Amino acid sequence: MIERAHLKILREINRQGSVTAAADKLCLTQSALSHTIRKLEGLVGCELWEKKGRNIHLTQTGEFLLKEAERILPQLERIDTKLKEFANNEIGTLNIGMECHPCYQWLTQVSAAYLKERDGIDLDVKQRFQFGGMAALFNHDIDILVTPDPIEMKAIHFEPVFPYELVLIVNDENPLAKRSNIQPQDLAEQTLITYPVEPERLDIFQQFLLPANCRPKKHKTMEATEIIIQMVSANRGVTVLPNWLANEYTNKLPVQGIRLGKEGVHKQIHLGIRIEDSQSEHIQSFIKLAKEHKS
């Protein structure tokens, strides 16, 4: 009973705001579009919209179908795209999801090498996910998830890429700069600057501060790594970065890295992929290059 054309019509009317504009967008005449909807209304036994002057208002049934159209059509469109890619022996675009804010500089190196090697294959990077990175991977919104915190899931495989250590970055004049390592209580009088991520997802809190029942004096969040480093360089606070990224700044700014605790806080970058895609030549090529560009 329900065809893709019906869902596309409802979605386009919602997007364009009128039957006429929707018909133009779909390359239909207004009468053909209206006839299609009237025929559907006859089949389902109720109206999908009602006109009030020049405006169109969806009925409860119409709202339901619109909601389903917004959910189903993107999935069908992804299928269409995939089929075309299979037919052309190419993947089109490799979508990378990021759950590691400071990894962008590393990713740009991998991306440059990948684009040079894979002519005709584009890359897209997504950082903000409506339901989280794992959900985006599971729902095929992305093809690869870059994360330091893999979560075991039956249909997902995580490939380790490279290990690193988190270090505290402080201004050279900060009293902590003289220490070989710091303890959680040492941050009680410091302003900690982090990326805008919930504290429960930040390693500095989960693996260092909270187990010792400690918190920084203040906690500020900022988007850009460069601005965070400038704040630290101006002695406006301290931050935590991977040691490989910290080394880029300690060599040219009045800042230095200090170990978190005597043993340090150690992490590893992983690339998450769907097991069903594990044999994809394009994905395996990206994993290979990622391992070659260890920071």
# chains A, B, ... in the order shown; residues from 1 in each chain; ligands from 1
>>> residues_around(residues="range 34-49 of chain A", least_positions_apart="6", cutoff="8 Å", atoms="only C-alpha atoms", output="PyMOL selection string")
chain A and resi 1-2+6+19+56-63
>>> select_by_dssp(residues="range 26-92 of chain A", states="strand (DSSP E or B)", output="count of residues only")
8
>>> residues_around(residues="range 113-117 of chain A", least_positions_apart="2", cutoff="12 Å", atoms="only C-alpha atoms", output="VMD selection string")
chain A and resid 92 to 94 106 to 111 119 to 124 282 to 293
>>> atom_distance(atom1="CA of Arg274 in chain A", atom2="CA of Pro160 in chain A")
14.5 Å
>>> closest_residue(among="A:Val146, A:Arg201, A:Lys262, A:Arg215", to="Arg179 in chain A", atoms="only C-alpha atoms")
A:Lys262
>>> residues_around(residues="range 205-208 of chain A", least_positions_apart="4", cutoff="9 Å", atoms="only C-alpha atoms", output="mmCIF file with all heavy atoms, in the first residue's frame")
data_model
loop_
_atom_site.group_PDB
_atom_site.id
_atom_site.type_symbol
_atom_site.label_atom_id
_atom_site.label_comp_id
_atom_site.auth_asym_id
_atom_site.auth_seq_id
_atom_site.Cartn_x
_atom_site.Cartn_y
_atom_site.Cartn_z
ATOM 1 N N GLN A 183 49.935 14.238 41.711
ATOM 2 C CA GLN A 183 48.895 13.426 42.324
ATOM 3 C C GLN A 183 47.552 14.154 42.176
ATOM 4 O O GLN A 183 47.518 15.366 41.952
ATOM 5 C CB GLN A 183 49.222 13.165 43.788
ATOM 6 C CG GLN A 183 50.513 12.379 44.003
ATOM 7 C CD GLN A 183 50.508 11.046 43.272
ATOM 8 O OE1 GLN A 183 49.542 10.278 43.371
ATOM 9 N NE2 GLN A 183 51.572 10.789 42.517
ATOM 10 N N PRO A 184 46.442 13.436 42.301
ATOM 11 C CA PRO A 184 45.121 14.066 42.113
ATOM 12 C C PRO A 184 44.907 15.323 42.943
ATOM 13 O O PRO A 184 44.371 16.316 42.458
ATOM 14 C CB PRO A 184 44.148 12.949 42.512
ATOM 15 C CG PRO A 184 44.887 11.690 42.197
ATOM 16 C CD PRO A 184 46.322 11.986 42.535
ATOM 17 N N PRO A 199 32.204 15.181 32.116
ATOM 18 C CA PRO A 199 33.284 14.699 32.977
ATOM 19 C C PRO A 199 33.344 13.182 33.086
ATOM 20 O O PRO A 199 34.439 12.610 33.167
ATOM 21 C CB PRO A 199 32.966 15.343 34.333
ATOM 22 C CG PRO A 199 32.257 16.604 33.976
ATOM 23 C CD PRO A 199 31.423 16.256 32.767
ATOM 24 N N GLU A 200 32.181 12.519 33.062
ATOM 25 C CA GLU A 200 32.190 11.063 33.186
ATOM 26 C C GLU A 200 32.815 10.368 31.978
ATOM 27 O O GLU A 200 33.107 9.171 32.027
ATOM 28 C CB GLU A 200 30.770 10.518 33.406
ATOM 29 C CG GLU A 200 29.762 10.880 32.349
ATOM 30 C CD GLU A 200 28.993 12.151 32.657
ATOM 31 O OE1 GLU A 200 29.485 12.978 33.456
ATOM 32 O OE2 GLU A 200 27.886 12.328 32.107
ATOM 33 N N ARG A 201 33.046 11.125 30.897
ATOM 34 C CA ARG A 201 33.691 10.549 29.714
ATOM 35 C C ARG A 201 35.131 11.027 29.563
ATOM 36 O O ARG A 201 35.799 10.660 28.594
ATOM 37 C CB ARG A 201 32.895 10.911 28.452
ATOM 38 C CG ARG A 201 31.505 10.280 28.386
ATOM 39 C CD ARG A 201 30.802 10.637 27.092
ATOM 40 N NE ARG A 201 31.597 10.230 25.943
ATOM 41 C CZ ARG A 201 31.460 10.753 24.729
ATOM 42 N NH1 ARG A 201 30.578 11.710 24.510
ATOM 43 N NH2 ARG A 201 32.199 10.342 23.719
ATOM 44 N N ALA A 212 40.245 9.200 43.426
ATOM 45 C CA ALA A 212 40.864 9.755 44.632
ATOM 46 C C ALA A 212 39.943 10.760 45.317
ATOM 47 O O ALA A 212 40.358 11.443 46.264
ATOM 48 C CB ALA A 212 42.188 10.433 44.269
ATOM 49 N N CYS A 214 38.818 13.574 44.239
ATOM 50 C CA CYS A 214 39.366 14.929 44.075
ATOM 51 C C CYS A 214 38.735 15.602 42.850
ATOM 52 O O CYS A 214 38.304 14.940 41.910
ATOM 53 C CB CYS A 214 40.885 14.874 43.888
ATOM 54 S SG CYS A 214 41.798 14.348 45.339
ATOM 55 N N ARG A 215 38.717 16.923 42.901
ATOM 56 C CA ARG A 215 38.244 17.729 41.779
ATOM 57 C C ARG A 215 39.118 18.966 41.653
ATOM 58 O O ARG A 215 39.686 19.417 42.647
ATOM 59 C CB ARG A 215 36.787 18.144 41.964
ATOM 60 C CG ARG A 215 35.783 17.008 41.769
ATOM 61 C CD ARG A 215 34.359 17.511 41.801
ATOM 62 N NE ARG A 215 33.407 16.448 41.519
ATOM 63 C CZ ARG A 215 33.040 16.069 40.300
ATOM 64 N NH1 ARG A 215 33.552 16.697 39.255
ATOM 65 N NH2 ARG A 215 32.176 15.094 40.121
ATOM 66 N N LEU A 260 50.858 11.933 34.962
ATOM 67 C CA LEU A 260 49.731 11.840 35.899
ATOM 68 C C LEU A 260 49.944 10.617 36.792
ATOM 69 O O LEU A 260 49.703 9.478 36.371
ATOM 70 C CB LEU A 260 48.418 11.722 35.137
ATOM 71 C CG LEU A 260 48.038 12.927 34.266
ATOM 72 C CD1 LEU A 260 46.867 12.576 33.352
ATOM 73 C CD2 LEU A 260 47.698 14.124 35.124
ATOM 74 N N GLY A 261 50.421 10.863 38.002
ATOM 75 C CA GLY A 261 50.726 9.759 38.902
ATOM 76 C C GLY A 261 52.064 9.128 38.560
ATOM 77 O O GLY A 261 52.659 9.409 37.514
ATOM 78 N N VAL A 265 48.849 7.671 33.059
ATOM 79 C CA VAL A 265 47.545 7.228 32.554
ATOM 80 C C VAL A 265 47.739 6.870 31.081
ATOM 81 O O VAL A 265 48.018 7.737 30.254
ATOM 82 C CB VAL A 265 46.473 8.326 32.699
ATOM 83 C CG1 VAL A 265 45.167 7.884 32.040
ATOM 84 C CG2 VAL A 265 46.239 8.642 34.174
#
>>> closest_residue(among="A:Asn55, A:Thr20, A:Thr147, A:Ser233", to="Asn174 in chain A", atoms="only C-alpha atoms")
A:Ser233
>>> residues_around(residues="Ala246 in chain A", least_positions_apart="3", cutoff="10 Å", atoms="only C-alpha atoms", output="list in words")
Pro102, Leu166, Val167, Leu168, Ile169, Ile229, Val240, Leu241, Pro242, Asn243, Tyr249, Thr250, Asn251, Val255, Gln256, Gly257 and Ile258 of chain A
>>> write_last_selection(atoms="N, CA, C and O atoms", output="PDB file, in the first residue's frame")
ATOM      1  N   PRO A 102      41.554  15.494  20.454  1.00  0.00           N
ATOM      2  CA  PRO A 102      42.907  15.895  20.047  1.00  0.00           C
ATOM      3  C   PRO A 102      43.481  15.093  18.893  1.00  0.00           C
ATOM      4  O   PRO A 102      44.608  15.333  18.480  1.00  0.00           O
ATOM      5  N   LEU A 166      48.538  10.025  28.548  1.00  0.00           N
ATOM      6  CA  LEU A 166      47.997  11.346  28.837  1.00  0.00           C
ATOM      7  C   LEU A 166      48.934  12.066  29.803  1.00  0.00           C
ATOM      8  O   LEU A 166      49.400  11.473  30.782  1.00  0.00           O
ATOM      9  N   VAL A 167      49.191  13.351  29.534  1.00  0.00           N
ATOM     10  CA  VAL A 167      50.049  14.135  30.424  1.00  0.00           C
ATOM     11  C   VAL A 167      49.374  15.468  30.737  1.00  0.00           C
ATOM     12  O   VAL A 167      48.565  15.971  29.949  1.00  0.00           O
ATOM     13  N   LEU A 168      49.692  16.013  31.883  1.00  0.00           N
ATOM     14  CA  LEU A 168      49.178  17.324  32.276  1.00  0.00           C
ATOM     15  C   LEU A 168      50.066  18.399  31.674  1.00  0.00           C
ATOM     16  O   LEU A 168      51.290  18.351  31.812  1.00  0.00           O
ATOM     17  N   ILE A 169      49.476  19.375  30.986  1.00  0.00           N
ATOM     18  CA  ILE A 169      50.227  20.477  30.384  1.00  0.00           C
ATOM     19  C   ILE A 169      50.079  21.701  31.276  1.00  0.00           C
ATOM     20  O   ILE A 169      48.962  22.146  31.565  1.00  0.00           O
ATOM     21  N   ILE A 229      45.642  25.579  24.471  1.00  0.00           N
ATOM     22  CA  ILE A 229      47.086  25.695  24.692  1.00  0.00           C
ATOM     23  C   ILE A 229      47.487  27.151  24.937  1.00  0.00           C
ATOM     24  O   ILE A 229      48.359  27.442  25.761  1.00  0.00           O
ATOM     25  N   VAL A 240      44.998  18.569  29.796  1.00  0.00           N
ATOM     26  CA  VAL A 240      45.522  17.213  29.617  1.00  0.00           C
ATOM     27  C   VAL A 240      45.464  16.864  28.136  1.00  0.00           C
ATOM     28  O   VAL A 240      44.430  17.039  27.482  1.00  0.00           O
ATOM     29  N   LEU A 241      46.596  16.385  27.606  1.00  0.00           N
ATOM     30  CA  LEU A 241      46.684  16.014  26.194  1.00  0.00           C
ATOM     31  C   LEU A 241      47.478  14.718  26.052  1.00  0.00           C
ATOM     32  O   LEU A 241      48.262  14.362  26.942  1.00  0.00           O
ATOM     33  N   PRO A 242      47.319  14.027  24.928  1.00  0.00           N
ATOM     34  CA  PRO A 242      48.195  12.881  24.650  1.00  0.00           C
ATOM     35  C   PRO A 242      49.645  13.350  24.548  1.00  0.00           C
ATOM     36  O   PRO A 242      49.904  14.462  24.059  1.00  0.00           O
ATOM     37  N   ASN A 243      50.585  12.528  24.990  1.00  0.00           N
ATOM     38  CA  ASN A 243      51.988  12.949  24.998  1.00  0.00           C
ATOM     39  C   ASN A 243      52.497  13.303  23.601  1.00  0.00           C
ATOM     40  O   ASN A 243      53.302  14.217  23.431  1.00  0.00           O
ATOM     41  N   TYR A 249      53.857  21.177  21.331  1.00  0.00           N
ATOM     42  CA  TYR A 249      53.746  22.500  21.958  1.00  0.00           C
ATOM     43  C   TYR A 249      54.872  22.772  22.959  1.00  0.00           C
ATOM     44  O   TYR A 249      55.297  23.917  23.104  1.00  0.00           O
ATOM     45  N   THR A 250      55.339  21.744  23.643  1.00  0.00           N
ATOM     46  CA  THR A 250      56.396  21.970  24.640  1.00  0.00           C
ATOM     47  C   THR A 250      57.700  22.405  23.987  1.00  0.00           C
ATOM     48  O   THR A 250      58.560  23.006  24.640  1.00  0.00           O
ATOM     49  N   ASN A 251      57.838  22.117  22.689  1.00  0.00           N
ATOM     50  CA  ASN A 251      59.067  22.506  21.984  1.00  0.00           C
ATOM     51  C   ASN A 251      59.053  23.952  21.500  1.00  0.00           C
ATOM     52  O   ASN A 251      60.093  24.484  21.118  1.00  0.00           O
ATOM     53  N   VAL A 255      55.466  25.879  27.945  1.00  0.00           N
ATOM     54  CA  VAL A 255      54.642  24.884  28.632  1.00  0.00           C
ATOM     55  C   VAL A 255      55.411  23.573  28.678  1.00  0.00           C
ATOM     56  O   VAL A 255      56.347  23.354  27.897  1.00  0.00           O
ATOM     57  N   GLN A 256      55.006  22.698  29.572  1.00  0.00           N
ATOM     58  CA  GLN A 256      55.626  21.384  29.654  1.00  0.00           C
ATOM     59  C   GLN A 256      54.620  20.346  30.121  1.00  0.00           C
ATOM     60  O   GLN A 256      53.587  20.680  30.701  1.00  0.00           O
ATOM     61  N   GLY A 257      54.929  19.083  29.823  1.00  0.00           N
ATOM     62  CA  GLY A 257      54.049  17.997  30.186  1.00  0.00           C
ATOM     63  C   GLY A 257      54.541  17.281  31.432  1.00  0.00           C
ATOM     64  O   GLY A 257      55.741  17.083  31.607  1.00  0.00           O
ATOM     65  N   ILE A 258      53.601  16.879  32.285  1.00  0.00           N
ATOM     66  CA  ILE A 258      53.934  16.190  33.531  1.00  0.00           C
ATOM     67  C   ILE A 258      53.105  14.908  33.612  1.00  0.00           C
ATOM     68  O   ILE A 258      51.911  14.903  33.291  1.00  0.00           O
TER      69      ILE A 258
END
>>> atom_distance(atom1="CA of Asp172 in chain A", atom2="CA of Ala234 in chain A")
9.9 Å
>>> residues_around(residues="Ile156 in chain A", least_positions_apart="4", cutoff="7 Å", atoms="only C-alpha atoms", output="list in words")
Gly272, Ile273, Arg274 and Ile275 of chain A
>>> write_last_selection(atoms="N, CA and C atoms", output="mmCIF file, in the first residue's frame")
data_model
loop_
_atom_site.group_PDB
_atom_site.id
_atom_site.type_symbol
_atom_site.label_atom_id
_atom_site.label_comp_id
_atom_site.auth_asym_id
_atom_site.auth_seq_id
_atom_site.Cartn_x
_atom_site.Cartn_y
_atom_site.Cartn_z
ATOM 1 N N GLY A 272 37.106 1.486 15.198
ATOM 2 C CA GLY A 272 35.970 0.572 15.249
ATOM 3 C C GLY A 272 35.334 0.441 13.881
ATOM 4 N N ILE A 273 35.084 -0.797 13.457
ATOM 5 C CA ILE A 273 34.430 -1.052 12.175
ATOM 6 C C ILE A 273 33.365 -2.132 12.372
ATOM 7 N N ARG A 274 32.391 -2.153 11.488
ATOM 8 C CA ARG A 274 31.410 -3.236 11.510
ATOM 9 C C ARG A 274 32.068 -4.511 10.975
ATOM 10 N N ILE A 275 31.830 -5.631 11.635
ATOM 11 C CA ILE A 275 32.440 -6.899 11.218
ATOM 12 C C ILE A 275 32.051 -7.240 9.783
#
>>> select_by_dssp(residues="range 20-205 of chain A", states="alpha helix (DSSP H)", output="number ranges by chain")
A: 20-25, 30-44, 60-87, 104-117, 133-138, 203
